[in-house]
$ cat start-v2.pdb   # PDB, C-alpha atoms, pLDDT in the B column
ATOM      1  CA  MET Y 115      20.363 -26.021  -4.307  1.00 36.00           C
ATOM      2  CA  GLY Y 116      20.923 -24.476  -0.922  1.00 46.00           C
ATOM      3  CA  GLU Y 117      18.536 -24.480   1.990  1.00 54.00           C
ATOM      4  CA  GLU Y 118      15.406 -22.558   1.046  1.00 65.00           C
ATOM      5  CA  ARG Y 119      14.222 -20.032   3.606  1.00 87.00           C
ATOM      6  CA  LEU Y 120      11.027 -18.004   3.435  1.00 95.00           C
ATOM      7  CA  ARG Y 121      11.115 -14.537   5.005  1.00 97.00           C
ATOM      8  CA  PHE Y 122       8.715 -11.582   5.048  1.00 98.00           C
ATOM      9  CA  SER Y 123       8.980  -7.788   5.041  1.00 98.00           C
ATOM     10  CA  GLU Y 124       6.679  -5.249   6.687  1.00 97.00           C
ATOM     11  CA  ASP Y 125       5.743  -4.208   3.126  1.00 97.00           C
ATOM     12  CA  HIS Y 126       4.120  -7.648   2.636  1.00 97.00           C
ATOM     13  CA  VAL Y 127       6.806  -8.929   0.294  1.00 98.00           C
ATOM     14  CA  TRP Y 128       7.911 -12.532   0.718  1.00 98.00           C
ATOM     15  CA  VAL Y 129      11.490 -13.556   0.046  1.00 98.00           C
ATOM     16  CA  LEU Y 130      12.380 -17.150  -0.735  1.00 97.00           C
ATOM     17  CA  VAL Y 131      16.123 -17.549  -0.335  1.00 95.00           C
ATOM     18  CA  ASP Y 132      18.004 -20.253  -2.182  1.00 92.00           C
ATOM     19  CA  GLY Y 133      21.762 -19.822  -1.891  1.00 92.00           C
ATOM     20  CA  ASP Y 134      22.630 -16.328  -3.136  1.00 94.00           C
ATOM     21  CA  VAL Y 135      19.389 -15.847  -5.081  1.00 97.00           C
ATOM     22  CA  ALA Y 136      16.088 -14.637  -3.646  1.00 97.00           C
ATOM     23  CA  ARG Y 137      12.686 -14.925  -5.300  1.00 98.00           C
ATOM     24  CA  LEU Y 138      10.258 -12.154  -4.318  1.00 98.00           C
ATOM     25  CA  GLY Y 139       6.489 -11.922  -4.418  1.00 98.00           C
ATOM     26  CA  ILE Y 140       3.642 -10.410  -2.454  1.00 98.00           C
ATOM     27  CA  THR Y 141       1.933 -12.275   0.345  1.00 97.00           C
ATOM     28  CA  ASP Y 142      -1.521 -13.793   0.331  1.00 96.00           C
ATOM     29  CA  PHE Y 143      -2.547 -11.090   2.819  1.00 97.00           C
ATOM     30  CA  ALA Y 144      -1.382  -8.352   0.416  1.00 97.00           C
ATOM     31  CA  GLN Y 145      -3.201  -9.755  -2.606  1.00 97.00           C
ATOM     32  CA  GLU Y 146      -6.389 -10.082  -0.511  1.00 96.00           C
ATOM     33  CA  GLN Y 147      -6.097  -6.426   0.522  1.00 95.00           C
ATOM     34  CA  LEU Y 148      -5.587  -5.328  -3.086  1.00 96.00           C
ATOM     35  CA  GLY Y 149      -8.386  -7.410  -4.547  1.00 96.00           C
ATOM     36  CA  GLN Y 150      -8.407  -8.365  -8.229  1.00 97.00           C
ATOM     37  CA  ILE Y 151      -5.025  -7.393  -9.686  1.00 97.00           C
ATOM     38  CA  ASP Y 152      -5.276  -5.757 -13.109  1.00 97.00           C
ATOM     39  CA  GLU Y 153      -1.717  -4.811 -13.980  1.00 97.00           C
ATOM     40  CA  VAL Y 154       1.845  -5.454 -12.862  1.00 98.00           C
ATOM     41  CA  ASN Y 155       4.835  -3.296 -13.777  1.00 98.00           C
ATOM     42  CA  LEU Y 156       8.235  -4.685 -12.838  1.00 98.00           C
ATOM     43  CA  THR Y 157      11.739  -3.248 -13.025  1.00 97.00           C
ATOM     44  CA  ASP Y 158      13.828  -4.744 -15.834  1.00 97.00           C
ATOM     45  CA  ALA Y 159      16.345  -7.538 -15.284  1.00 97.00           C
ATOM     46  CA  ASP Y 160      19.972  -6.404 -14.818  1.00 98.00           C
ATOM     47  CA  THR Y 161      18.796  -3.499 -12.634  1.00 98.00           C
ATOM     48  CA  TYR Y 162      20.419  -3.060  -9.211  1.00 98.00           C
ATOM     49  CA  VAL Y 163      18.042  -2.264  -6.346  1.00 98.00           C
ATOM     50  CA  ASP Y 164      18.858  -1.278  -2.788  1.00 98.00           C
ATOM     51  CA  ALA Y 165      16.772  -2.475   0.130  1.00 98.00           C
ATOM     52  CA  GLY Y 166      13.905   0.014   0.370  1.00 98.00           C
ATOM     53  CA  ASP Y 167      13.883   0.739  -3.390  1.00 97.00           C
ATOM     54  CA  SER Y 168      10.862   0.098  -5.559  1.00 98.00           C
ATOM     55  CA  PHE Y 169      11.076  -2.821  -7.978  1.00 98.00           C
ATOM     56  CA  GLY Y 170       7.707  -2.111  -9.591  1.00 98.00           C
ATOM     57  CA  GLU Y 171       4.059  -1.635  -8.824  1.00 97.00           C
ATOM     58  CA  ILE Y 172       0.826  -3.572  -8.783  1.00 97.00           C
ATOM     59  CA  GLU Y 173      -2.481  -2.043  -9.824  1.00 97.00           C
ATOM     60  CA  SER Y 174      -5.869  -3.279  -8.700  1.00 96.00           C
ATOM     61  CA  GLN Y 175      -9.293  -1.660  -8.805  1.00 92.00           C
ATOM     62  CA  LYS Y 176      -8.767  -0.616  -5.187  1.00 93.00           C
ATOM     63  CA  ALA Y 177      -5.232   0.785  -5.257  1.00 94.00           C
ATOM     64  CA  VAL Y 178      -1.805   1.066  -6.808  1.00 96.00           C
ATOM     65  CA  ALA Y 179       0.776  -0.577  -4.564  1.00 96.00           C
ATOM     66  CA  GLU Y 180       4.484   0.186  -4.788  1.00 97.00           C
ATOM     67  CA  LEU Y 181       6.623  -2.956  -4.565  1.00 98.00           C
ATOM     68  CA  ILE Y 182       9.445  -2.332  -2.089  1.00 98.00           C
ATOM     69  CA  SER Y 183      12.466  -4.615  -2.160  1.00 98.00           C
ATOM     70  CA  PRO Y 184      13.473  -5.729   1.329  1.00 98.00           C
ATOM     71  CA  ILE Y 185      16.948  -6.688   0.089  1.00 98.00           C
ATOM     72  CA  SER Y 186      19.721  -5.251  -2.079  1.00 98.00           C
ATOM     73  CA  GLY Y 187      20.953  -6.899  -5.230  1.00 98.00           C
ATOM     74  CA  THR Y 188      20.636  -7.231  -8.979  1.00 98.00           C
ATOM     75  CA  ILE Y 189      17.369  -8.342 -10.525  1.00 98.00           C
ATOM     76  CA  ILE Y 190      18.337 -11.363 -12.597  1.00 98.00           C
ATOM     77  CA  ASN Y 191      14.902 -12.622 -13.609  1.00 98.00           C
ATOM     78  CA  VAL Y 192      11.449 -11.080 -14.075  1.00 98.00           C
ATOM     79  CA  ASN Y 193       8.327 -13.253 -14.143  1.00 98.00           C
ATOM     80  CA  GLU Y 194       6.861 -12.351 -17.551  1.00 98.00           C
ATOM     81  CA  ASN Y 195       3.875 -14.616 -16.836  1.00 98.00           C
ATOM     82  CA  VAL Y 196       2.476 -12.252 -14.180  1.00 98.00           C
ATOM     83  CA  ILE Y 197       2.870  -9.294 -16.543  1.00 97.00           C
ATOM     84  CA  ASP Y 198       0.799 -11.195 -19.129  1.00 97.00           C
ATOM     85  CA  ASP Y 199      -1.633 -12.588 -16.530  1.00 98.00           C
ATOM     86  CA  PRO Y 200      -1.662 -10.531 -13.294  1.00 98.00           C
ATOM     87  CA  SER Y 201      -4.406 -12.758 -11.830  1.00 97.00           C
ATOM     88  CA  LEU Y 202      -1.680 -15.348 -11.088  1.00 98.00           C
ATOM     89  CA  ILE Y 203      -0.815 -13.164  -8.088  1.00 98.00           C
ATOM     90  CA  ASN Y 204      -4.374 -13.566  -6.792  1.00 97.00           C
ATOM     91  CA  THR Y 205      -4.588 -17.307  -7.430  1.00 97.00           C
ATOM     92  CA  ASP Y 206      -1.045 -18.412  -6.516  1.00 97.00           C
ATOM     93  CA  PRO Y 207       0.908 -15.597  -4.772  1.00 97.00           C
ATOM     94  CA  PHE Y 208       3.590 -17.954  -3.379  1.00 96.00           C
ATOM     95  CA  GLY Y 209       3.944 -20.020  -6.544  1.00 96.00           C
ATOM     96  CA  LYS Y 210       3.253 -18.981 -10.125  1.00 98.00           C
ATOM     97  CA  GLY Y 211       2.578 -15.417  -8.949  1.00 98.00           C
ATOM     98  CA  TRP Y 212       6.207 -14.690  -7.979  1.00 98.00           C
ATOM     99  CA  LEU Y 213       7.556 -11.371  -9.277  1.00 98.00           C
ATOM    100  CA  VAL Y 214      11.349 -11.101  -9.554  1.00 98.00           C
ATOM    101  CA  GLU Y 215      14.528 -12.952  -8.650  1.00 98.00           C
ATOM    102  CA  ILE Y 216      17.406 -10.997  -7.162  1.00 98.00           C
ATOM    103  CA  GLU Y 217      21.046 -11.941  -6.775  1.00 98.00           C
ATOM    104  CA  ILE Y 218      21.619 -11.052  -3.127  1.00 98.00           C
ATOM    105  CA  SER Y 219      24.429  -8.575  -2.517  1.00 98.00           C
ATOM    106  CA  ASP Y 220      24.135  -8.307   1.297  1.00 97.00           C
ATOM    107  CA  PRO Y 221      22.999 -11.556   2.985  1.00 95.00           C
ATOM    108  CA  ASP Y 222      22.959  -9.784   6.377  1.00 96.00           C
ATOM    109  CA  GLU Y 223      19.800  -7.919   5.293  1.00 97.00           C
ATOM    110  CA  LEU Y 224      17.923 -11.223   5.378  1.00 95.00           C
ATOM    111  CA  GLU Y 225      18.343 -11.331   9.151  1.00 94.00           C
ATOM    112  CA  GLU Y 226      16.142  -8.225   9.440  1.00 95.00           C
ATOM    113  CA  LEU Y 227      13.184  -9.954   7.778  1.00 97.00           C
ATOM    114  CA  MET Y 228      10.417 -11.740   9.657  1.00 97.00           C
ATOM    115  CA  THR Y 229       9.857 -15.480   9.872  1.00 96.00           C
ATOM    116  CA  GLU Y 230       6.438 -16.795   8.853  1.00 95.00           C
ATOM    117  CA  GLU Y 231       5.389 -16.877  12.511  1.00 95.00           C
ATOM    118  CA  GLU Y 232       6.496 -13.292  13.112  1.00 97.00           C
ATOM    119  CA  TYR Y 233       4.705 -12.165   9.938  1.00 97.00           C
ATOM    120  CA  GLU Y 234       1.449 -13.842  11.017  1.00 96.00           C
ATOM    121  CA  GLU Y 235       1.637 -11.887  14.300  1.00 97.00           C
ATOM    122  CA  PHE Y 236       2.458  -8.695  12.382  1.00 97.00           C
ATOM    123  CA  ILE Y 237      -0.623  -8.898  10.124  1.00 96.00           C
ATOM    124  CA  GLU Y 238      -2.898  -9.698  13.054  1.00 95.00           C
ATOM    125  CA  GLU Y 239      -1.913  -6.315  14.489  1.00 89.00           C
ATOM    126  CA  GLU Y 240      -2.479  -4.451  11.187  1.00 77.00           C
TER     127      GLU Y 240
END
$ encode --input "start-v2.pdb" --output "C-alpha coordinates"
Amino acid sequence: MGEERLRFSEDHVWVLVDGDVARLGITDFAQEQLGQIDEVNLTDADTYVDAGDSFGEIESQKAVAELISPISGTIINVNENVIDDPSLINTDPFGKGWLVEIEISDPDELEELMTEEEYEEFIEEE
(Lines of atoms letter the chains of each structure in order from A and count residues from 1; the text may use other names and numbers.)
(Lines give C-alpha, C1' and ligand atoms only; values in the text may rest on other atoms or scores of the structure.)
Protein backbone atom coordinates (compact mmCIF):
# COMPACT_ATOMS: atom_id res chain seq x y z
CA MET A 1 0.00 0.00 0.00
CA GLY A 2 1.26 3.42 -0.94
CA GLU A 3 0.94 6.58 1.07
CA GLU A 4 -2.73 7.46 1.44
CA ARG A 5 -3.61 11.07 0.72
CA LEU A 6 -7.01 12.68 1.19
CA ARG A 7 -7.91 15.49 -1.22
CA PHE A 8 -11.10 17.46 -1.92
CA SER A 9 -12.79 19.00 -4.95
CA GLU A 10 -14.93 22.15 -5.13
CA ASP A 11 -17.83 19.79 -5.93
CA HIS A 12 -17.53 18.35 -2.39
CA VAL A 13 -16.08 15.04 -3.53
CA TRP A 14 -13.29 13.55 -1.44
CA VAL A 15 -10.51 11.54 -3.04
CA LEU A 16 -8.46 9.09 -1.03
CA VAL A 17 -5.37 8.22 -3.03
CA ASP A 18 -3.55 4.95 -2.50
CA GLY A 19 -0.91 4.34 -5.15
CA ASP A 20 -2.62 4.53 -8.55
CA VAL A 21 -6.13 3.96 -7.19
CA ALA A 22 -8.43 6.63 -5.77
CA ARG A 23 -11.54 6.03 -3.68
CA LEU A 24 -14.20 8.73 -4.07
CA GLY A 25 -17.09 9.79 -1.87
CA ILE A 26 -18.95 12.92 -0.88
CA THR A 27 -17.91 15.00 2.09
CA ASP A 28 -19.66 15.30 5.42
CA PHE A 29 -20.55 18.88 4.46
CA ALA A 30 -22.22 17.66 1.24
CA GLN A 31 -24.29 14.97 2.94
CA GLU A 32 -25.42 17.52 5.56
CA GLN A 33 -26.53 19.89 2.80
CA LEU A 34 -28.45 17.11 1.03
CA GLY A 35 -30.14 15.74 4.12
CA GLN A 36 -31.45 12.17 4.22
CA ILE A 37 -30.19 10.40 1.10
CA ASP A 38 -32.83 8.22 -0.56
CA GLU A 39 -31.14 6.89 -3.68
CA VAL A 40 -27.71 6.59 -5.26
CA ASN A 41 -27.07 5.89 -8.94
CA LEU A 42 -23.47 5.16 -9.88
CA THR A 43 -21.74 4.64 -13.22
CA ASP A 44 -20.84 1.01 -13.89
CA ALA A 45 -17.37 -0.41 -13.28
CA ASP A 46 -15.09 -0.54 -16.36
CA THR A 47 -16.33 2.91 -17.43
CA TYR A 48 -13.73 5.59 -18.20
CA VAL A 49 -14.47 9.06 -16.81
CA ASP A 50 -12.66 12.31 -17.46
CA ALA A 51 -12.17 14.89 -14.74
CA GLY A 52 -15.36 16.96 -14.76
CA ASP A 53 -17.54 14.04 -15.94
CA SER A 54 -20.45 12.74 -13.91
CA PHE A 55 -20.01 9.35 -12.26
CA GLY A 56 -23.57 9.20 -10.93
CA GLU A 57 -26.07 11.08 -8.85
CA ILE A 58 -27.43 11.18 -5.34
CA GLU A 59 -31.07 11.86 -4.57
CA SER A 60 -32.37 13.24 -1.30
CA GLN A 61 -35.70 14.79 -0.37
CA LYS A 62 -34.10 18.20 -0.88
CA ALA A 63 -32.27 17.76 -4.19
CA VAL A 64 -30.68 15.60 -6.83
CA ALA A 65 -26.92 16.11 -6.84
CA GLU A 66 -24.73 15.21 -9.80
CA LEU A 67 -21.52 13.47 -8.75
CA ILE A 68 -18.60 15.08 -10.58
CA SER A 69 -15.31 13.20 -10.79
CA PRO A 70 -12.36 15.45 -9.99
CA ILE A 71 -9.97 13.00 -11.68
CA SER A 72 -9.72 10.98 -14.89
CA GLY A 73 -9.52 7.23 -14.96
CA THR A 74 -11.39 3.95 -15.15
CA ILE A 75 -13.94 3.05 -12.51
CA ILE A 76 -12.74 -0.29 -11.20
CA ASN A 77 -15.08 -0.75 -8.25
CA VAL A 78 -18.56 0.47 -7.30
CA ASN A 79 -19.77 0.35 -3.70
CA GLU A 80 -22.92 -1.79 -4.03
CA ASN A 81 -23.60 -1.32 -0.31
CA VAL A 82 -24.51 2.37 -0.75
CA ILE A 83 -26.83 1.49 -3.64
CA ASP A 84 -28.63 -0.97 -1.34
CA ASP A 85 -28.44 1.34 1.70
CA PRO A 86 -27.93 5.02 0.72
CA SER A 87 -28.10 6.08 4.39
CA LEU A 88 -24.49 4.86 4.74
CA ILE A 89 -23.51 8.13 3.06
CA ASN A 90 -25.26 10.06 5.84
CA THR A 91 -23.86 7.97 8.69
CA ASP A 92 -20.31 7.30 7.44
CA PRO A 93 -19.46 9.46 4.37
CA PHE A 94 -15.68 8.91 4.69
CA GLY A 95 -15.92 5.20 5.49
CA LYS A 96 -18.66 2.76 4.53
CA GLY A 97 -20.35 5.48 2.47
CA TRP A 98 -17.62 5.62 -0.21
CA LEU A 99 -18.92 5.55 -3.80
CA VAL A 100 -16.45 4.38 -6.45
CA GLU A 101 -12.80 3.48 -6.91
CA ILE A 102 -10.98 4.80 -9.96
CA GLU A 103 -7.69 3.71 -11.48
CA ILE A 104 -5.97 7.07 -11.89
CA SER A 105 -4.88 7.88 -15.44
CA ASP A 106 -3.39 11.35 -14.80
CA PRO A 107 -1.78 11.73 -11.34
CA ASP A 108 -1.06 15.42 -12.07
CA GLU A 109 -4.79 16.16 -11.66
CA LEU A 110 -4.46 15.34 -7.97
CA GLU A 111 -2.29 18.42 -7.51
CA GLU A 112 -5.29 20.61 -8.41
CA LEU A 113 -7.37 19.26 -5.51
CA MET A 114 -7.57 20.88 -2.09
CA THR A 115 -6.01 19.62 1.12
CA GLU A 116 -8.32 19.13 4.11
CA GLU A 117 -7.28 22.54 5.46
CA GLU A 118 -7.97 24.28 2.16
CA TYR A 119 -11.35 22.53 1.90
CA GLU A 120 -12.35 23.64 5.41
CA GLU A 121 -11.61 27.25 4.38
CA PHE A 122 -13.53 26.74 1.12
CA ILE A 123 -16.74 25.57 2.84
CA GLU A 124 -16.57 28.38 5.38
CA GLU A 125 -16.85 30.79 2.45
CA GLU A 126 -19.78 28.90 0.84
$ atom_distance --input "start-v2.pdb" --atom1 "atom CA of Y:Phe208" --atom2 "atom CA of Y:Thr141"
7.0 Å
$ closest_residue --input "start-v2.pdb" --among "Y:Asp164, Y:Asp158, Y:Asp132, Y:Glu124" --to "Y:Ser183" --atoms "all atoms listed in the file"
Y:Asp164
$ resolve_selection --input "start-v2.pdb" --expression "the PyMOL selection byres ((chain Y and resi 222) around 12)" --output "PyMOL selection string"
chain Y and resi 134+165+184-186+218-221+223-227
$ residues_around --input "start-v2.pdb" --residues "stretch 179-182 of chain Y" --least-positions-apart "3" --cutoff "12 Å" --atoms "all atoms listed in the file" --output "CSV table (one decimal) with C-alpha atoms, in the coordinates of the input"
chain,number,residue,atom,x,y,z
Y,122,PHE,CA,8.7,-11.6,5.0
Y,123,SER,CA,9.0,-7.8,5.0
Y,124,GLU,CA,6.7,-5.2,6.7
Y,125,ASP,CA,5.7,-4.2,3.1
Y,126,HIS,CA,4.1,-7.6,2.6
Y,127,VAL,CA,6.8,-8.9,0.3
Y,128,TRP,CA,7.9,-12.5,0.7
Y,129,VAL,CA,11.5,-13.6,0.0
Y,138,LEU,CA,10.3,-12.2,-4.3
Y,139,GLY,CA,6.5,-11.9,-4.4
Y,140,ILE,CA,3.6,-10.4,-2.5
Y,141,THR,CA,1.9,-12.3,0.3
Y,144,ALA,CA,-1.4,-8.4,0.4
Y,145,GLN,CA,-3.2,-9.8,-2.6
Y,147,GLN,CA,-6.1,-6.4,0.5
Y,148,LEU,CA,-5.6,-5.3,-3.1
Y,149,GLY,CA,-8.4,-7.4,-4.5
Y,151,ILE,CA,-5.0,-7.4,-9.7
Y,152,ASP,CA,-5.3,-5.8,-13.1
Y,153,GLU,CA,-1.7,-4.8,-14.0
Y,154,VAL,CA,1.8,-5.5,-12.9
Y,155,ASN,CA,4.8,-3.3,-13.8
Y,156,LEU,CA,8.2,-4.7,-12.8
Y,157,THR,CA,11.7,-3.2,-13.0
Y,163,VAL,CA,18.0,-2.3,-6.3
Y,164,ASP,CA,18.9,-1.3,-2.8
Y,165,ALA,CA,16.8,-2.5,0.1
Y,166,GLY,CA,13.9,0.0,0.4
Y,167,ASP,CA,13.9,0.7,-3.4
Y,168,SER,CA,10.9,0.1,-5.6
Y,169,PHE,CA,11.1,-2.8,-8.0
Y,170,GLY,CA,7.7,-2.1,-9.6
Y,171,GLU,CA,4.1,-1.6,-8.8
Y,172,ILE,CA,0.8,-3.6,-8.8
Y,173,GLU,CA,-2.5,-2.0,-9.8
Y,174,SER,CA,-5.9,-3.3,-8.7
Y,175,GLN,CA,-9.3,-1.7,-8.8
Y,176,LYS,CA,-8.8,-0.6,-5.2
Y,185,ILE,CA,16.9,-6.7,0.1
Y,186,SER,CA,19.7,-5.3,-2.1
Y,213,LEU,CA,7.6,-11.4,-9.3
Y,214,VAL,CA,11.3,-11.1,-9.6
$ atom_distance --input "start-v2.pdb" --atom1 "atom CA of Y:Asp142" --atom2 "atom CA of Y:Gly211"
10.3 Å
$ residues_around --input "start-v2.pdb" --residues "Y:Leu130" --least-positions-apart "4" --cutoff "9 Å" --atoms "only C-alpha atoms" --output "CSV table (one decimal) with C-alpha atoms, in the coordinates of the input"
chain,number,residue,atom,x,y,z
Y,118,GLU,CA,15.4,-22.6,1.0
Y,119,ARG,CA,14.2,-20.0,3.6
Y,120,LEU,CA,11.0,-18.0,3.4
Y,121,ARG,CA,11.1,-14.5,5.0
Y,122,PHE,CA,8.7,-11.6,5.0
Y,135,VAL,CA,19.4,-15.8,-5.1
Y,136,ALA,CA,16.1,-14.6,-3.6
Y,137,ARG,CA,12.7,-14.9,-5.3
Y,138,LEU,CA,10.3,-12.2,-4.3
Y,139,GLY,CA,6.5,-11.9,-4.4
$ residues_around --input "start-v2.pdb" --residues "Y:Ile189" --least-positions-apart "2" --cutoff "6 Å" --atoms "all atoms listed in the file" --output "mmCIF file with C-alpha atoms, in the frame of the given file"
data_model
loop_
_atom_site.group_PDB
_atom_site.id
_atom_site.type_symbol
_atom_site.label_atom_id
_atom_site.label_comp_id
_atom_site.auth_asym_id
_atom_site.auth_seq_id
_atom_site.Cartn_x
_atom_site.Cartn_y
_atom_site.Cartn_z
ATOM 1 C CA ALA Y 159 16.345 -7.538 -15.284
ATOM 2 C CA ASP Y 160 19.972 -6.404 -14.818
ATOM 3 C CA THR Y 161 18.796 -3.499 -12.634
ATOM 4 C CA ASN Y 191 14.902 -12.622 -13.609
ATOM 5 C CA GLU Y 215 14.528 -12.952 -8.650
ATOM 6 C CA ILE Y 216 17.406 -10.997 -7.162
#
$ residues_near_point --input "start-v2.pdb" --point "(1.3, -15.4, -16.3)" --cutoff "12 Å" --atoms "only C-alpha atoms" --output "ChimeraX atom specification"
/Y:153-154,192-207,209-213
$ write_last_selection --input "start-v2.pdb" --atoms "C-alpha atoms" --output "short mmCIF file (atom, residue, chain, number, x, y, z; two decimals), in the frame of the given file"
data_model
loop_
_atom_site.label_atom_id
_atom_site.label_comp_id
_atom_site.auth_asym_id
_atom_site.auth_seq_id
_atom_site.Cartn_x
_atom_site.Cartn_y
_atom_site.Cartn_z
CA GLU Y 153 -1.72 -4.81 -13.98
CA VAL Y 154 1.84 -5.45 -12.86
CA VAL Y 192 11.45 -11.08 -14.08
CA ASN Y 193 8.33 -13.25 -14.14
CA GLU Y 194 6.86 -12.35 -17.55
CA ASN Y 195 3.88 -14.62 -16.84
CA VAL Y 196 2.48 -12.25 -14.18
CA ILE Y 197 2.87 -9.29 -16.54
CA ASP Y 198 0.80 -11.20 -19.13
CA ASP Y 199 -1.63 -12.59 -16.53
CA PRO Y 200 -1.66 -10.53 -13.29
CA SER Y 201 -4.41 -12.76 -11.83
CA LEU Y 202 -1.68 -15.35 -11.09
CA ILE Y 203 -0.82 -13.16 -8.09
CA ASN Y 204 -4.37 -13.57 -6.79
CA THR Y 205 -4.59 -17.31 -7.43
CA ASP Y 206 -1.04 -18.41 -6.52
CA PRO Y 207 0.91 -15.60 -4.77
CA GLY Y 209 3.94 -20.02 -6.54
CA LYS Y 210 3.25 -18.98 -10.12
CA GLY Y 211 2.58 -15.42 -8.95
CA TRP Y 212 6.21 -14.69 -7.98
CA LEU Y 213 7.56 -11.37 -9.28
#
$ closest_residue --input "start-v2.pdb" --among "Y:Tyr162, Y:Glu240, Y:Thr229, Y:Phe143" --to "Y:Glu217" --atoms "all atoms listed in the file"
Y:Tyr162
$ atom_distance --input "start-v2.pdb" --atom1 "atom CA of Y:Ala177" --atom2 "atom CA of Y:Gln150"
10.1 Å
$ decode --input "start-v2.pdb" --residues "stretch 180-215 of chain Y" --atoms "N, CA and C atoms" --output "short mmCIF file (atom, residue, chain, number, x, y, z; two decimals), in the first residue's frame"
data_model
loop_
_atom_site.label_atom_id
_atom_site.label_comp_id
_atom_site.auth_asym_id
_atom_site.auth_seq_id
_atom_site.Cartn_x
_atom_site.Cartn_y
_atom_site.Cartn_z
N GLU Y 180 -25.60 15.89 -8.84
CA GLU Y 180 -24.73 15.21 -9.80
C GLU Y 180 -23.39 14.97 -9.12
N LEU Y 181 -22.83 13.78 -9.31
CA LEU Y 181 -21.52 13.47 -8.75
C LEU Y 181 -20.48 13.73 -9.84
N ILE Y 182 -19.59 14.67 -9.58
CA ILE Y 182 -18.60 15.08 -10.58
C ILE Y 182 -17.23 14.54 -10.19
N SER Y 183 -16.63 13.76 -11.08
CA SER Y 183 -15.31 13.20 -10.79
C SER Y 183 -14.24 14.28 -10.93
N PRO Y 184 -13.43 14.45 -9.89
CA PRO Y 184 -12.36 15.45 -9.99
C PRO Y 184 -11.12 14.91 -10.70
N ILE Y 185 -11.13 13.61 -11.03
CA ILE Y 185 -9.97 13.00 -11.68
C ILE Y 185 -10.41 12.13 -12.85
N SER Y 186 -9.47 11.85 -13.74
CA SER Y 186 -9.72 10.98 -14.89
C SER Y 186 -9.22 9.58 -14.59
N GLY Y 187 -9.95 8.61 -15.13
CA GLY Y 187 -9.52 7.23 -14.96
C GLY Y 187 -10.68 6.27 -15.18
N THR Y 188 -10.39 4.99 -14.97
CA THR Y 188 -11.39 3.95 -15.15
C THR Y 188 -11.97 3.54 -13.80
N ILE Y 189 -13.28 3.52 -13.73
CA ILE Y 189 -13.94 3.05 -12.51
C ILE Y 189 -13.69 1.55 -12.42
N ILE Y 190 -13.06 1.13 -11.33
CA ILE Y 190 -12.74 -0.29 -11.20
C ILE Y 190 -13.59 -0.97 -10.13
N ASN Y 191 -14.29 -0.17 -9.32
CA ASN Y 191 -15.08 -0.75 -8.25
C ASN Y 191 -16.21 0.21 -7.89
N VAL Y 192 -17.40 -0.32 -7.70
CA VAL Y 192 -18.56 0.47 -7.30
C VAL Y 192 -19.04 -0.09 -5.96
N ASN Y 193 -19.32 0.79 -5.02
CA ASN Y 193 -19.77 0.35 -3.70
C ASN Y 193 -21.26 -0.02 -3.76
N GLU Y 194 -21.53 -1.31 -3.94
CA GLU Y 194 -22.92 -1.79 -4.03
C GLU Y 194 -23.66 -1.55 -2.73
N ASN Y 195 -22.95 -1.50 -1.61
CA ASN Y 195 -23.60 -1.32 -0.31
C ASN Y 195 -24.36 0.01 -0.23
N VAL Y 196 -23.81 1.08 -0.83
CA VAL Y 196 -24.51 2.37 -0.75
C VAL Y 196 -25.71 2.40 -1.71
N ILE Y 197 -25.67 1.58 -2.75
CA ILE Y 197 -26.83 1.49 -3.64
C ILE Y 197 -27.97 0.80 -2.89
N ASP Y 198 -27.63 -0.25 -2.14
CA ASP Y 198 -28.63 -0.97 -1.34
C ASP Y 198 -29.08 -0.16 -0.12
N ASP Y 199 -28.15 0.59 0.47
CA ASP Y 199 -28.44 1.34 1.70
C ASP Y 199 -27.82 2.74 1.62
N PRO Y 200 -28.50 3.67 0.92
CA PRO Y 200 -27.93 5.02 0.72
C PRO Y 200 -27.66 5.77 2.02
N SER Y 201 -28.31 5.37 3.13
CA SER Y 201 -28.10 6.08 4.39
C SER Y 201 -26.67 5.95 4.89
N LEU Y 202 -25.91 4.98 4.36
CA LEU Y 202 -24.49 4.86 4.74
C LEU Y 202 -23.73 6.15 4.44
N ILE Y 203 -24.17 6.87 3.42
CA ILE Y 203 -23.51 8.13 3.06
C ILE Y 203 -23.75 9.16 4.16
N ASN Y 204 -24.96 9.14 4.75
CA ASN Y 204 -25.26 10.06 5.84
C ASN Y 204 -24.51 9.69 7.11
N THR Y 205 -24.43 8.39 7.41
CA THR Y 205 -23.86 7.97 8.69
C THR Y 205 -22.34 7.85 8.67
N ASP Y 206 -21.76 7.55 7.50
CA ASP Y 206 -20.31 7.30 7.44
C ASP Y 206 -19.75 7.72 6.07
N PRO Y 207 -19.82 9.03 5.73
CA PRO Y 207 -19.46 9.46 4.37
C PRO Y 207 -18.00 9.19 3.99
N PHE Y 208 -17.10 9.14 5.00
CA PHE Y 208 -15.68 8.91 4.69
C PHE Y 208 -15.29 7.44 4.84
N GLY Y 209 -16.22 6.62 5.27
CA GLY Y 209 -15.92 5.20 5.49
C GLY Y 209 -16.78 4.32 4.62
N LYS Y 210 -17.79 3.69 5.25
CA LYS Y 210 -18.66 2.76 4.53
C LYS Y 210 -19.45 3.42 3.42
N GLY Y 211 -19.57 4.76 3.47
CA GLY Y 211 -20.35 5.48 2.47
C GLY Y 211 -19.57 5.90 1.23
N TRP Y 212 -18.38 5.31 1.01
CA TRP Y 212 -17.62 5.62 -0.21
C TRP Y 212 -18.45 5.21 -1.44
N LEU Y 213 -18.10 5.77 -2.61
CA LEU Y 213 -18.92 5.55 -3.80
C LEU Y 213 -18.26 4.68 -4.87
N VAL Y 214 -17.13 5.14 -5.39
CA VAL Y 214 -16.45 4.38 -6.45
C VAL Y 214 -14.95 4.40 -6.23
N GLU Y 215 -14.26 3.45 -6.86
CA GLU Y 215 -12.80 3.48 -6.91
C GLU Y 215 -12.40 3.61 -8.37
#
